[in-house]
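**Q** Let me give you the structure first, and then I'll get to my questions.
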Amino acid sequence: MSTEKTQVDWRALWASGDLARFVFISLGILLHATNETMVATVMPAMVGELSGVELVGWSLAIYEIGAIVAGAAAGRLVTYVPLRTNMVVAALLYATGAVVCALAPSMPVFLTGRLIEGLGGGALVSLAFVSVERLFPRNIWPQLFGVMSAVWGVAAFSGPMLGAVIAQLLSWRWAFGIFFFGGGGMALACFAVLRGPAATRRQAATGTLPPFPFVALATLAASVVLIALAGVRIELLRSSVLLVLGLAGLGLFFALDARKPLSRLFPSRPFDWHTPVGSGMIMVAAFSIATCSFTVYGPLLLTSLHGISLLTSGYIIAAESIAWSILSIAVANAPVHREKTIIVTGAAMIAAGVAGFAYAVPSGSIPLILFCALLQGGGFGMAWPFVTRVIVAAAKPAESTVASSAVPTMQRIGYAVGAASSGIIANAAGFAEGLSGDTARHVASWLFIAFVPLTLIGVSAAVRLIRRPGAPAVA
């Protein structure tokens, strides 16, 4: 059994200044996740002023496109310019996008701002993971990743509430305006907080730098656009073709990325079932895709099938985020020899939650639906910090920074694929013919059953992850 110390001495961390530094880099996650979920509650007021209701679906999709592309690039950019410079630029991009949204005279201009915001926000999230890998000792990564996971959950929960309050008291424009000050303030604070050599020197040694992977990034961007188009306006044939093309584009992206070992955006062999990195990435991708259906269709199904209010549905979805945050903190200081149990238990909880929704949502049992939501969110909260640590620790030394930024990027790609896939499955199961009680009941079953095989792949990947060399030590 490993005897490596894994408890965080928070008092010593504070005395050294590292705790303040960690809180600061976590602010990027808070800004991104809050803004990401806030748009749903300010949308009615915004559309009333800007019109362009036919473009509403793009308000989130285009934000995610920017976040995925920038997130993939962030891990590689620290090879060329220092971490602090990357953080400053990302925060300024985020602030610029926020002010464009706040001042937008039309929906197309607003969407331009959302794309810029997404670029900045996605980079801030990936750079937060990179910062943990570069600025803190490896033995406390699970605890720090756990806190970051909790921050994400709290931000995702509070975003809609924050948007609603600001839009009601001031205006929807101020809901974006406050993020301009947040991004600008973060950019200025970078110079005071990120001062060590690891933050102010680029990763690459002096000499000729590898070429930046523009072609791979362009391919990734095109693929995500196709997947987003598949999910914005759901038509069975059109959406299926776009999704297949988008997935093929992702395959091409990973093939191109593998051909450039010096400028990778993802670690080598990211889907190799026989390595900890590959097993971890498969687990992240499988569960991210499989768990989208309740978030996307849960409130609609509960309202149309059982007359459950939107407020109650919102509380259930919020409970999932809260469970994620609470369990992330609860297991953060677990000893190394418990990581195996935690990872597999978390994976099993996610799979059980998805399978349980297939019965609970059609039946309309609120306690059972809530229990499944808690299983799904709590499973993520338990497993994610340790899975992230295993992936980053098992990556080749030259790829550890790229691996740390690849985890949240893979997660967002999974969400994009999952959202589009959920729409296609819902239409194939009956929504293409209109919303009625019978079709909603049929859709409610298949929307979750269809993803159960993916959850089983995720559980299998979790089991393989902790059995491979470089996985956590086991008692």
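Residues are named by chain letter and number: chains run A, B, ... in the order of the structure tokens, numbers start at 1 in each chain, and ligands are numbered from 1 in the order shown.
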So which residues touch segment 322-326 of chain A within 7 Å, counting only C-alpha atoms, skipping near sequence neighbours fewer than 3 positions away, as JSON, numbers by chain?

**A** {"A": [149, 150, 153, 154, 318, 319, 329, 330, 374, 377, 378, 380, 381]}

**Q** With a distance cut-off of 9 Å and only C-alpha atoms, select the neighbouring residues of Asp257 of chain A, excluding the residue or stretch itself and same-chain residues fewer than 4 positions from it, and output the selection as a list in words.

**A**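 Listing them by chain and then by number gives Pro213, Ala216, Leu217, Leu252, Phe253, Pro261, Ser263, Arg264, Leu265, Phe266 and Ser268 of chain A.
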
**Q** From the DSSP assignment of the backbone, select every residue of segment 210-359 of chain A that is alpha helix (DSSP H), and format the answer as an mmCIF file with N, CA and C atoms, in the first residue's frame.

**A**
data_model
loop_
_atom_site.group_PDB
_atom_site.id
_atom_site.type_symbol
_atom_site.label_atom_id
_atom_site.label_comp_id
_atom_site.auth_asym_id
_atom_site.auth_seq_id
_atom_site.Cartn_x
_atom_site.Cartn_y
_atom_site.Cartn_z
ATOM 1 N N PHE A 214 -2.596 24.273 -36.112
ATOM 2 C CA PHE A 214 -3.738 25.010 -36.666
ATOM 3 C C PHE A 214 -4.701 24.085 -37.410
ATOM 4 N N VAL A 215 -4.170 23.146 -38.197
ATOM 5 C CA VAL A 215 -5.045 22.270 -38.992
ATOM 6 C C VAL A 215 -5.897 21.390 -38.084
ATOM 7 N N ALA A 216 -5.274 20.836 -37.044
ATOM 8 C CA ALA A 216 -6.031 19.991 -36.114
ATOM 9 C C ALA A 216 -7.107 20.793 -35.403
ATOM 10 N N LEU A 217 -6.779 22.014 -34.979
ATOM 11 C CA LEU A 217 -7.767 22.849 -34.307
ATOM 12 C C LEU A 217 -8.912 23.221 -35.242
ATOM 13 N N ALA A 218 -8.595 23.533 -36.502
ATOM 14 C CA ALA A 218 -9.640 23.857 -37.471
ATOM 15 C C ALA A 218 -10.561 22.662 -37.696
ATOM 16 N N THR A 219 -9.980 21.472 -37.747
ATOM 17 C CA THR A 219 -10.786 20.259 -37.904
ATOM 18 C C THR A 219 -11.684 20.045 -36.693
ATOM 19 N N LEU A 220 -11.143 20.270 -35.490
ATOM 20 C CA LEU A 220 -11.947 20.147 -34.274
ATOM 21 C C LEU A 220 -13.094 21.151 -34.283
ATOM 22 N N ALA A 221 -12.804 22.385 -34.660
ATOM 23 C CA ALA A 221 -13.844 23.417 -34.698
ATOM 24 C C ALA A 221 -14.958 23.041 -35.669
ATOM 25 N N ALA A 222 -14.582 22.590 -36.865
ATOM 26 C CA ALA A 222 -15.585 22.203 -37.865
ATOM 27 C C ALA A 222 -16.433 21.036 -37.360
ATOM 28 N N SER A 223 -15.811 20.083 -36.682
ATOM 29 C CA SER A 223 -16.528 18.919 -36.166
ATOM 30 C C SER A 223 -17.548 19.327 -35.112
ATOM 31 N N VAL A 224 -17.128 20.215 -34.204
ATOM 32 C CA VAL A 224 -18.036 20.657 -33.138
ATOM 33 C C VAL A 224 -19.183 21.475 -33.719
ATOM 34 N N VAL A 225 -18.912 22.282 -34.739
ATOM 35 C CA VAL A 225 -19.986 23.035 -35.401
ATOM 36 C C VAL A 225 -21.028 22.083 -35.997
ATOM 37 N N LEU A 226 -20.572 21.020 -36.660
ATOM 38 C CA LEU A 226 -21.503 20.042 -37.239
ATOM 39 C C LEU A 226 -22.339 19.367 -36.151
ATOM 40 N N ILE A 227 -21.696 19.013 -35.037
ATOM 41 C CA ILE A 227 -22.429 18.384 -33.938
ATOM 42 C C ILE A 227 -23.429 19.366 -33.337
ATOM 43 N N ALA A 228 -23.019 20.628 -33.177
ATOM 44 C CA ALA A 228 -23.929 21.638 -32.647
ATOM 45 C C ALA A 228 -25.118 21.865 -33.581
ATOM 46 N N LEU A 229 -24.863 21.895 -34.894
ATOM 47 C CA LEU A 229 -25.953 22.036 -35.863
ATOM 48 C C LEU A 229 -26.934 20.875 -35.761
ATOM 49 N N ALA A 230 -26.413 19.682 -35.468
ATOM 50 C CA ALA A 230 -27.288 18.511 -35.326
ATOM 51 C C ALA A 230 -28.221 18.663 -34.137
ATOM 52 N N GLY A 231 -27.773 19.384 -33.093
ATOM 53 C CA GLY A 231 -28.576 19.499 -31.887
ATOM 54 C C GLY A 231 -29.402 20.750 -31.770
ATOM 55 N N VAL A 232 -29.157 21.763 -32.597
ATOM 56 C CA VAL A 232 -29.887 23.020 -32.470
ATOM 57 C C VAL A 232 -31.306 22.907 -33.008
ATOM 58 N N LEU A 236 -34.848 14.357 -37.827
ATOM 59 C CA LEU A 236 -34.230 13.041 -37.714
ATOM 60 C C LEU A 236 -33.134 12.810 -38.759
ATOM 61 N N LEU A 237 -33.472 12.958 -40.062
ATOM 62 C CA LEU A 237 -32.499 12.671 -41.112
ATOM 63 C C LEU A 237 -31.367 13.689 -41.108
ATOM 64 N N ARG A 238 -31.743 14.968 -41.102
ATOM 65 C CA ARG A 238 -30.738 16.032 -41.144
ATOM 66 C C ARG A 238 -29.798 15.957 -39.945
ATOM 67 N N SER A 239 -30.360 15.807 -38.744
ATOM 68 C CA SER A 239 -29.554 15.783 -37.535
ATOM 69 C C SER A 239 -28.658 14.551 -37.495
ATOM 70 N N SER A 240 -29.178 13.416 -37.946
ATOM 71 C CA SER A 240 -28.369 12.190 -37.943
ATOM 72 C C SER A 240 -27.166 12.320 -38.863
ATOM 73 N N VAL A 241 -27.394 12.885 -40.061
ATOM 74 C CA VAL A 241 -26.294 13.057 -41.014
ATOM 75 C C VAL A 241 -25.240 14.004 -40.447
ATOM 76 N N LEU A 242 -25.697 15.123 -39.857
ATOM 77 C CA LEU A 242 -24.753 16.086 -39.292
ATOM 78 C C LEU A 242 -23.974 15.490 -38.135
ATOM 79 N N LEU A 243 -24.654 14.703 -37.299
ATOM 80 C CA LEU A 243 -23.961 14.077 -36.175
ATOM 81 C C LEU A 243 -22.909 13.088 -36.656
ATOM 82 N N VAL A 244 -23.252 12.276 -37.645
ATOM 83 C CA VAL A 244 -22.291 11.310 -38.190
ATOM 84 C C VAL A 244 -21.094 12.037 -38.796
ATOM 85 N N LEU A 245 -21.362 13.114 -39.552
ATOM 86 C CA LEU A 245 -20.268 13.891 -40.132
ATOM 87 C C LEU A 245 -19.398 14.517 -39.034
ATOM 88 N N GLY A 246 -20.058 15.021 -37.979
ATOM 89 C CA GLY A 246 -19.304 15.614 -36.879
ATOM 90 C C GLY A 246 -18.436 14.597 -36.163
ATOM 91 N N LEU A 247 -18.977 13.396 -35.933
ATOM 92 C CA LEU A 247 -18.189 12.339 -35.284
ATOM 93 C C LEU A 247 -17.024 11.893 -36.174
ATOM 94 N N ALA A 248 -17.291 11.818 -37.485
ATOM 95 C CA ALA A 248 -16.206 11.480 -38.413
ATOM 96 C C ALA A 248 -15.118 12.553 -38.380
ATOM 97 N N GLY A 249 -15.555 13.801 -38.270
ATOM 98 C CA GLY A 249 -14.592 14.895 -38.160
ATOM 99 C C GLY A 249 -13.762 14.801 -36.890
ATOM 100 N N LEU A 250 -14.393 14.392 -35.781
ATOM 101 C CA LEU A 250 -13.644 14.199 -34.540
ATOM 102 C C LEU A 250 -12.610 13.089 -34.701
ATOM 103 N N GLY A 251 -13.008 12.016 -35.390
ATOM 104 C CA GLY A 251 -12.053 10.942 -35.653
ATOM 105 C C GLY A 251 -10.867 11.439 -36.455
ATOM 106 N N LEU A 252 -11.145 12.283 -37.465
ATOM 107 C CA LEU A 252 -10.069 12.868 -38.259
ATOM 108 C C LEU A 252 -9.189 13.769 -37.398
ATOM 109 N N PHE A 253 -9.810 14.532 -36.507
ATOM 110 C CA PHE A 253 -9.038 15.407 -35.616
ATOM 111 C C PHE A 253 -8.051 14.603 -34.774
ATOM 112 N N PHE A 254 -8.522 13.521 -34.150
ATOM 113 C CA PHE A 254 -7.631 12.718 -33.314
ATOM 114 C C PHE A 254 -6.537 12.054 -34.151
ATOM 115 N N ALA A 255 -6.865 11.680 -35.402
ATOM 116 C CA ALA A 255 -5.847 11.098 -36.281
ATOM 117 C C ALA A 255 -4.780 12.139 -36.627
ATOM 118 N N LEU A 256 -5.218 13.365 -36.933
ATOM 119 C CA LEU A 256 -4.260 14.436 -37.223
ATOM 120 C C LEU A 256 -3.420 14.770 -35.998
ATOM 121 N N ASP A 257 -4.066 14.789 -34.834
ATOM 122 C CA ASP A 257 -3.359 15.104 -33.596
ATOM 123 C C ASP A 257 -2.275 14.072 -33.308
ATOM 124 N N ALA A 258 -2.566 12.800 -33.589
ATOM 125 C CA ALA A 258 -1.605 11.725 -33.319
ATOM 126 C C ALA A 258 -0.373 11.819 -34.215
ATOM 127 N N PRO A 276 -3.788 3.627 -18.657
ATOM 128 C CA PRO A 276 -4.605 4.431 -17.746
ATOM 129 C C PRO A 276 -5.151 5.694 -18.406
ATOM 130 N N VAL A 277 -4.330 6.340 -19.236
ATOM 131 C CA VAL A 277 -4.798 7.553 -19.916
ATOM 132 C C VAL A 277 -5.964 7.218 -20.841
ATOM 133 N N GLY A 278 -5.821 6.165 -21.649
ATOM 134 C CA GLY A 278 -6.892 5.787 -22.571
ATOM 135 C C GLY A 278 -8.150 5.358 -21.849
ATOM 136 N N SER A 279 -8.015 4.528 -20.806
ATOM 137 C CA SER A 279 -9.188 4.097 -20.049
ATOM 138 C C SER A 279 -9.885 5.291 -19.400
ATOM 139 N N GLY A 280 -9.085 6.210 -18.854
ATOM 140 C CA GLY A 280 -9.669 7.391 -18.226
ATOM 141 C C GLY A 280 -10.413 8.265 -19.207
ATOM 142 N N MET A 281 -9.823 8.486 -20.387
ATOM 143 C CA MET A 281 -10.472 9.304 -21.398
ATOM 144 C C MET A 281 -11.754 8.646 -21.921
ATOM 145 N N ILE A 282 -11.725 7.329 -22.084
ATOM 146 C CA ILE A 282 -12.934 6.613 -22.501
ATOM 147 C C ILE A 282 -14.025 6.774 -21.448
ATOM 148 N N MET A 283 -13.653 6.671 -20.187
ATOM 149 C CA MET A 283 -14.620 6.842 -19.105
ATOM 150 C C MET A 283 -15.220 8.250 -19.124
ATOM 151 N N VAL A 284 -14.378 9.258 -19.257
ATOM 152 C CA VAL A 284 -14.856 10.646 -19.306
ATOM 153 C C VAL A 284 -15.815 10.842 -20.475
ATOM 154 N N ALA A 285 -15.426 10.368 -21.668
ATOM 155 C CA ALA A 285 -16.256 10.544 -22.857
ATOM 156 C C ALA A 285 -17.580 9.799 -22.729
ATOM 157 N N ALA A 286 -17.535 8.536 -22.284
ATOM 158 C CA ALA A 286 -18.742 7.713 -22.213
ATOM 159 C C ALA A 286 -19.765 8.303 -21.249
ATOM 160 N N PHE A 287 -19.334 8.688 -20.058
ATOM 161 C CA PHE A 287 -20.278 9.206 -19.073
ATOM 162 C C PHE A 287 -20.766 10.612 -19.429
ATOM 163 N N SER A 288 -19.911 11.419 -20.055
ATOM 164 C CA SER A 288 -20.351 12.761 -20.459
ATOM 165 C C SER A 288 -21.456 12.679 -21.506
ATOM 166 N N ILE A 289 -21.324 11.774 -22.458
ATOM 167 C CA ILE A 289 -22.357 11.590 -23.481
ATOM 168 C C ILE A 289 -23.627 11.016 -22.868
ATOM 169 N N ALA A 290 -23.477 10.017 -21.987
ATOM 170 C CA ALA A 290 -24.621 9.247 -21.506
ATOM 171 C C ALA A 290 -25.515 9.996 -20.534
ATOM 172 N N CYS A 292 -26.469 13.312 -20.564
ATOM 173 C CA CYS A 292 -27.055 14.576 -21.033
ATOM 174 C C CYS A 292 -28.577 14.550 -21.089
ATOM 175 N N SER A 293 -29.171 13.374 -21.285
ATOM 176 C CA SER A 293 -30.590 13.338 -21.628
ATOM 177 C C SER A 293 -31.502 13.929 -20.565
ATOM 178 N N PHE A 294 -31.184 13.714 -19.273
ATOM 179 C CA PHE A 294 -32.082 14.254 -18.248
ATOM 180 C C PHE A 294 -31.988 15.772 -18.185
ATOM 181 N N THR A 295 -30.784 16.311 -18.314
ATOM 182 C CA THR A 295 -30.624 17.769 -18.297
ATOM 183 C C THR A 295 -31.352 18.408 -19.467
ATOM 184 N N VAL A 296 -31.259 17.789 -20.649
ATOM 185 C CA VAL A 296 -31.861 18.377 -21.855
ATOM 186 C C VAL A 296 -33.378 18.191 -21.885
ATOM 187 N N TYR A 297 -33.856 16.986 -21.548
ATOM 188 C CA TYR A 297 -35.275 16.666 -21.731
ATOM 189 C C TYR A 297 -36.042 16.419 -20.436
ATOM 190 N N GLY A 298 -35.333 16.338 -19.288
ATOM 191 C CA GLY A 298 -36.011 16.027 -18.040
ATOM 192 C C GLY A 298 -37.173 16.949 -17.710
ATOM 193 N N PRO A 299 -36.966 18.288 -17.639
ATOM 194 C CA PRO A 299 -38.079 19.176 -17.306
ATOM 195 C C PRO A 299 -39.259 19.072 -18.269
ATOM 196 N N LEU A 300 -38.984 18.975 -19.569
ATOM 197 C CA LEU A 300 -40.064 18.862 -20.559
ATOM 198 C C LEU A 300 -40.873 17.588 -20.337
ATOM 199 N N LEU A 301 -40.202 16.468 -20.106
ATOM 200 C CA LEU A 301 -40.891 15.195 -19.909
ATOM 201 C C LEU A 301 -41.705 15.192 -18.618
ATOM 202 N N LEU A 302 -41.134 15.704 -17.544
ATOM 203 C CA LEU A 302 -41.838 15.704 -16.259
ATOM 204 C C LEU A 302 -43.065 16.606 -16.309
ATOM 205 N N THR A 303 -42.954 17.728 -17.003
ATOM 206 C CA THR A 303 -44.090 18.651 -17.113
ATOM 207 C C THR A 303 -45.195 18.084 -17.993
ATOM 208 N N SER A 304 -44.825 17.546 -19.149
ATOM 209 C CA SER A 304 -45.838 17.064 -20.091
ATOM 210 C C SER A 304 -46.454 15.742 -19.662
ATOM 211 N N LEU A 305 -45.689 14.894 -18.988
ATOM 212 C CA LEU A 305 -46.199 13.579 -18.595
ATOM 213 C C LEU A 305 -46.956 13.606 -17.277
ATOM 214 N N HIS A 306 -46.436 14.353 -16.308
ATOM 215 C CA HIS A 306 -46.963 14.232 -14.951
ATOM 216 C C HIS A 306 -47.417 15.555 -14.352
ATOM 217 N N LEU A 310 -42.184 23.368 -13.417
ATOM 218 C CA LEU A 310 -40.814 23.647 -13.839
ATOM 219 C C LEU A 310 -39.924 23.939 -12.645
ATOM 220 N N LEU A 311 -40.515 24.564 -11.605
ATOM 221 C CA LEU A 311 -39.731 24.875 -10.408
ATOM 222 C C LEU A 311 -39.246 23.594 -9.740
ATOM 223 N N THR A 312 -40.151 22.605 -9.625
ATOM 224 C CA THR A 312 -39.765 21.324 -9.022
ATOM 225 C C THR A 312 -38.699 20.633 -9.870
ATOM 226 N N SER A 313 -38.884 20.668 -11.206
ATOM 227 C CA SER A 313 -37.879 20.078 -12.096
ATOM 228 C C SER A 313 -36.526 20.768 -11.918
ATOM 229 N N GLY A 314 -36.583 22.092 -11.768
ATOM 230 C CA GLY A 314 -35.351 22.838 -11.559
ATOM 231 C C GLY A 314 -34.645 22.449 -10.276
ATOM 232 N N TYR A 315 -35.423 22.219 -9.220
ATOM 233 C CA TYR A 315 -34.839 21.802 -7.950
ATOM 234 C C TYR A 315 -34.162 20.433 -8.085
ATOM 235 N N ILE A 316 -34.782 19.537 -8.855
ATOM 236 C CA ILE A 316 -34.203 18.202 -9.029
ATOM 237 C C ILE A 316 -32.865 18.296 -9.763
ATOM 238 N N ILE A 317 -32.823 19.101 -10.828
ATOM 239 C CA ILE A 317 -31.568 19.279 -11.567
ATOM 240 C C ILE A 317 -30.523 19.967 -10.690
ATOM 241 N N ALA A 318 -30.979 20.942 -9.874
ATOM 242 C CA ALA A 318 -30.056 21.608 -8.958
ATOM 243 C C ALA A 318 -29.502 20.626 -7.937
ATOM 244 N N ALA A 319 -30.342 19.684 -7.481
ATOM 245 C CA ALA A 319 -29.894 18.686 -6.506
ATOM 246 C C ALA A 319 -28.762 17.838 -7.074
ATOM 247 N N GLU A 320 -28.801 17.581 -8.385
ATOM 248 C CA GLU A 320 -27.727 16.821 -9.027
ATOM 249 C C GLU A 320 -26.409 17.571 -8.912
ATOM 250 N N SER A 321 -26.441 18.893 -9.173
ATOM 251 C CA SER A 321 -25.219 19.700 -9.055
ATOM 252 C C SER A 321 -24.734 19.776 -7.617
ATOM 253 N N ILE A 322 -25.673 19.888 -6.675
ATOM 254 C CA ILE A 322 -25.289 19.983 -5.268
ATOM 255 C C ILE A 322 -24.641 18.679 -4.806
ATOM 256 N N ALA A 323 -25.220 17.539 -5.232
ATOM 257 C CA ALA A 323 -24.631 16.242 -4.867
ATOM 258 C C ALA A 323 -23.222 16.124 -5.419
ATOM 259 N N TRP A 324 -23.028 16.584 -6.656
ATOM 260 C CA TRP A 324 -21.693 16.591 -7.267
ATOM 261 C C TRP A 324 -20.712 17.343 -6.367
ATOM 262 N N SER A 325 -21.102 18.556 -5.942
ATOM 263 C CA SER A 325 -20.203 19.397 -5.154
ATOM 264 C C SER A 325 -19.918 18.797 -3.784
ATOM 265 N N ILE A 326 -20.972 18.337 -3.095
ATOM 266 C CA ILE A 326 -20.808 17.830 -1.733
ATOM 267 C C ILE A 326 -19.912 16.592 -1.709
ATOM 268 N N LEU A 327 -20.156 15.646 -2.628
ATOM 269 C CA LEU A 327 -19.355 14.424 -2.607
ATOM 270 C C LEU A 327 -17.930 14.672 -3.089
ATOM 271 N N SER A 328 -17.738 15.657 -3.964
ATOM 272 C CA SER A 328 -16.364 16.018 -4.356
ATOM 273 C C SER A 328 -15.554 16.428 -3.136
ATOM 274 N N ILE A 329 -16.160 17.237 -2.271
ATOM 275 C CA ILE A 329 -15.467 17.682 -1.062
ATOM 276 C C ILE A 329 -15.337 16.540 -0.059
ATOM 277 N N ALA A 330 -16.405 15.721 0.058
ATOM 278 C CA ALA A 330 -16.429 14.668 1.069
ATOM 279 C C ALA A 330 -15.315 13.640 0.877
ATOM 280 N N GLU A 339 -8.749 5.081 -3.353
ATOM 281 C CA GLU A 339 -9.112 5.659 -4.648
ATOM 282 C C GLU A 339 -9.748 4.632 -5.573
ATOM 283 N N LYS A 340 -9.260 3.403 -5.532
ATOM 284 C CA LYS A 340 -9.827 2.354 -6.374
ATOM 285 C C LYS A 340 -11.323 2.205 -6.112
ATOM 286 N N THR A 341 -11.681 2.083 -4.831
ATOM 287 C CA THR A 341 -13.087 1.919 -4.459
ATOM 288 C C THR A 341 -13.907 3.142 -4.851
ATOM 289 N N ILE A 342 -13.346 4.329 -4.648
ATOM 290 C CA ILE A 342 -14.078 5.565 -4.937
ATOM 291 C C ILE A 342 -14.366 5.685 -6.432
ATOM 292 N N ILE A 343 -13.375 5.426 -7.280
ATOM 293 C CA ILE A 343 -13.562 5.555 -8.721
ATOM 294 C C ILE A 343 -14.623 4.589 -9.225
ATOM 295 N N VAL A 344 -14.523 3.317 -8.828
ATOM 296 C CA VAL A 344 -15.475 2.318 -9.315
ATOM 297 C C VAL A 344 -16.870 2.563 -8.736
ATOM 298 N N THR A 345 -16.946 2.964 -7.461
ATOM 299 C CA THR A 345 -18.257 3.266 -6.864
ATOM 300 C C THR A 345 -18.914 4.443 -7.571
ATOM 301 N N GLY A 346 -18.145 5.486 -7.843
ATOM 302 C CA GLY A 346 -18.696 6.640 -8.559
ATOM 303 C C GLY A 346 -19.208 6.261 -9.932
ATOM 304 N N ALA A 347 -18.435 5.442 -10.665
ATOM 305 C CA ALA A 347 -18.862 4.999 -11.997
ATOM 306 C C ALA A 347 -20.150 4.185 -11.913
ATOM 307 N N ALA A 348 -20.234 3.291 -10.932
ATOM 308 C CA ALA A 348 -21.439 2.470 -10.768
ATOM 309 C C ALA A 348 -22.650 3.334 -10.422
ATOM 310 N N MET A 349 -22.442 4.377 -9.615
ATOM 311 C CA MET A 349 -23.546 5.279 -9.267
ATOM 312 C C MET A 349 -24.076 6.006 -10.500
ATOM 313 N N ILE A 350 -23.173 6.468 -11.362
ATOM 314 C CA ILE A 350 -23.608 7.154 -12.589
ATOM 315 C C ILE A 350 -24.433 6.204 -13.454
ATOM 316 N N ALA A 351 -23.933 4.984 -13.649
ATOM 317 C CA ALA A 351 -24.642 4.005 -14.475
ATOM 318 C C ALA A 351 -26.012 3.683 -13.878
ATOM 319 N N ALA A 352 -26.072 3.527 -12.554
ATOM 320 C CA ALA A 352 -27.348 3.229 -11.902
ATOM 321 C C ALA A 352 -28.325 4.394 -12.044
ATOM 322 N N GLY A 353 -27.826 5.619 -11.987
ATOM 323 C CA GLY A 353 -28.688 6.783 -12.145
ATOM 324 C C GLY A 353 -29.321 6.844 -13.518
ATOM 325 N N VAL A 354 -28.508 6.632 -14.566
ATOM 326 C CA VAL A 354 -29.035 6.655 -15.934
ATOM 327 C C VAL A 354 -30.074 5.548 -16.132
ATOM 328 N N ALA A 355 -29.751 4.321 -15.689
ATOM 329 C CA ALA A 355 -30.684 3.207 -15.830
ATOM 330 C C ALA A 355 -31.955 3.455 -15.018
ATOM 331 N N GLY A 356 -31.799 4.029 -13.833
ATOM 332 C CA GLY A 356 -32.963 4.306 -13.003
ATOM 333 C C GLY A 356 -33.907 5.318 -13.615
ATOM 334 N N PHE A 357 -33.362 6.320 -14.310
ATOM 335 C CA PHE A 357 -34.207 7.309 -14.987
ATOM 336 C C PHE A 357 -35.149 6.643 -15.999
ATOM 337 N N ALA A 358 -34.710 5.559 -16.623
ATOM 338 C CA ALA A 358 -35.533 4.874 -17.631
ATOM 339 C C ALA A 358 -36.843 4.371 -17.036
ATOM 340 N N TYR A 359 -36.843 4.085 -15.735
ATOM 341 C CA TYR A 359 -38.085 3.679 -15.067
ATOM 342 C C TYR A 359 -38.728 4.846 -14.334
#

**Q** If I take atom CA of Leu194 of chain A and atom CA of Phe212 of chain A, how far is one from the other in Å, to one decimal?

**A**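 Distance reported for this atom pair: 24.7 Å.
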
**Q** Using only C-alpha atoms, which protein or nucleic acid residues come within 6 Å of segment 398-406 of chain A? Drop anything in the same chain fewer than 6 positions from it, and give the result as a PyMOL selection string.

**A** chain A and resi 75+126+129-130+266-267+392

**Q** Nearest to Trp152 of chain A: which of A:Leu375, A:Ala128, A:Ile178, A:Ala450 is it, counting only C-alpha atoms?

**A**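 Using only C-alpha atoms, Trp152 of chain A sits closest to A:Ala128.
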
**Q** Hey, can you check how far atom CA of Val147 of chain A sits from atom CA of Trp384 of chain A?

**A**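 Those two atoms sit 10.9 Å apart.
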
**Q** How many Å lie between atom CA of Ser131 of chain A and atom CA of Met87 of chain A, rounded to one decimal?

**A**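 Interatomic distance here is 9.8 Å.
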
**Q** Taking only C-alpha atoms into account, which of A:Val42, A:Gly196, A:Val47, A:Met107 comes nearest Phe176 of chain A?

**A** A:Val42

**Q** Given the choices A:Leu19, A:Ala102, A:Leu447, A:Ala420, which gets closest to Phe181 of chain A if the distance is worked out from only C-alpha atoms?

**A**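 Looking at the shortest contact to Phe181 of chain A, the residue is A:Ala102.
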
**Q** May I have the residues within 7 Å of Ala91 of chain A as an mmCIF file with N, CA and C atoms, in the first residue's frame, using only C-alpha atoms and disregarding those fewer than 4 positions away in the same chain?

**A**
data_model
loop_
_atom_site.group_PDB
_atom_site.id
_atom_site.type_symbol
_atom_site.label_atom_id
_atom_site.label_comp_id
_atom_site.auth_asym_id
_atom_site.auth_seq_id
_atom_site.Cartn_x
_atom_site.Cartn_y
_atom_site.Cartn_z
ATOM 1 N N MET A 87 -3.311 33.119 -19.218
ATOM 2 C CA MET A 87 -4.422 33.424 -18.330
ATOM 3 C C MET A 87 -4.919 34.850 -18.541
ATOM 4 N N ALA A 95 -13.779 38.887 -20.922
ATOM 5 C CA ALA A 95 -14.344 40.202 -20.622
ATOM 6 C C ALA A 95 -14.838 40.894 -21.888
ATOM 7 N N GLY A 120 -12.773 32.576 -24.303
ATOM 8 C CA GLY A 120 -12.100 32.961 -23.068
ATOM 9 C C GLY A 120 -12.426 32.030 -21.915
ATOM 10 N N LEU A 124 -9.957 29.536 -19.783
ATOM 11 C CA LEU A 124 -9.781 29.708 -18.343
ATOM 12 C C LEU A 124 -9.951 28.392 -17.589
ATOM 13 N N GLY A 183 -14.027 39.359 -15.592
ATOM 14 C CA GLY A 183 -12.924 38.991 -16.476
ATOM 15 C C GLY A 183 -11.800 40.006 -16.460
ATOM 16 N N GLY A 184 -12.164 41.304 -16.491
ATOM 17 C CA GLY A 184 -11.142 42.346 -16.455
ATOM 18 C C GLY A 184 -10.361 42.336 -15.157
ATOM 19 N N MET A 186 -9.877 39.762 -13.208
ATOM 20 C CA MET A 186 -9.026 38.581 -13.175
ATOM 21 C C MET A 186 -7.759 38.801 -14.001
ATOM 22 N N ALA A 187 -7.890 39.448 -15.143
ATOM 23 C CA ALA A 187 -6.717 39.722 -15.981
ATOM 24 C C ALA A 187 -5.703 40.579 -15.237
#
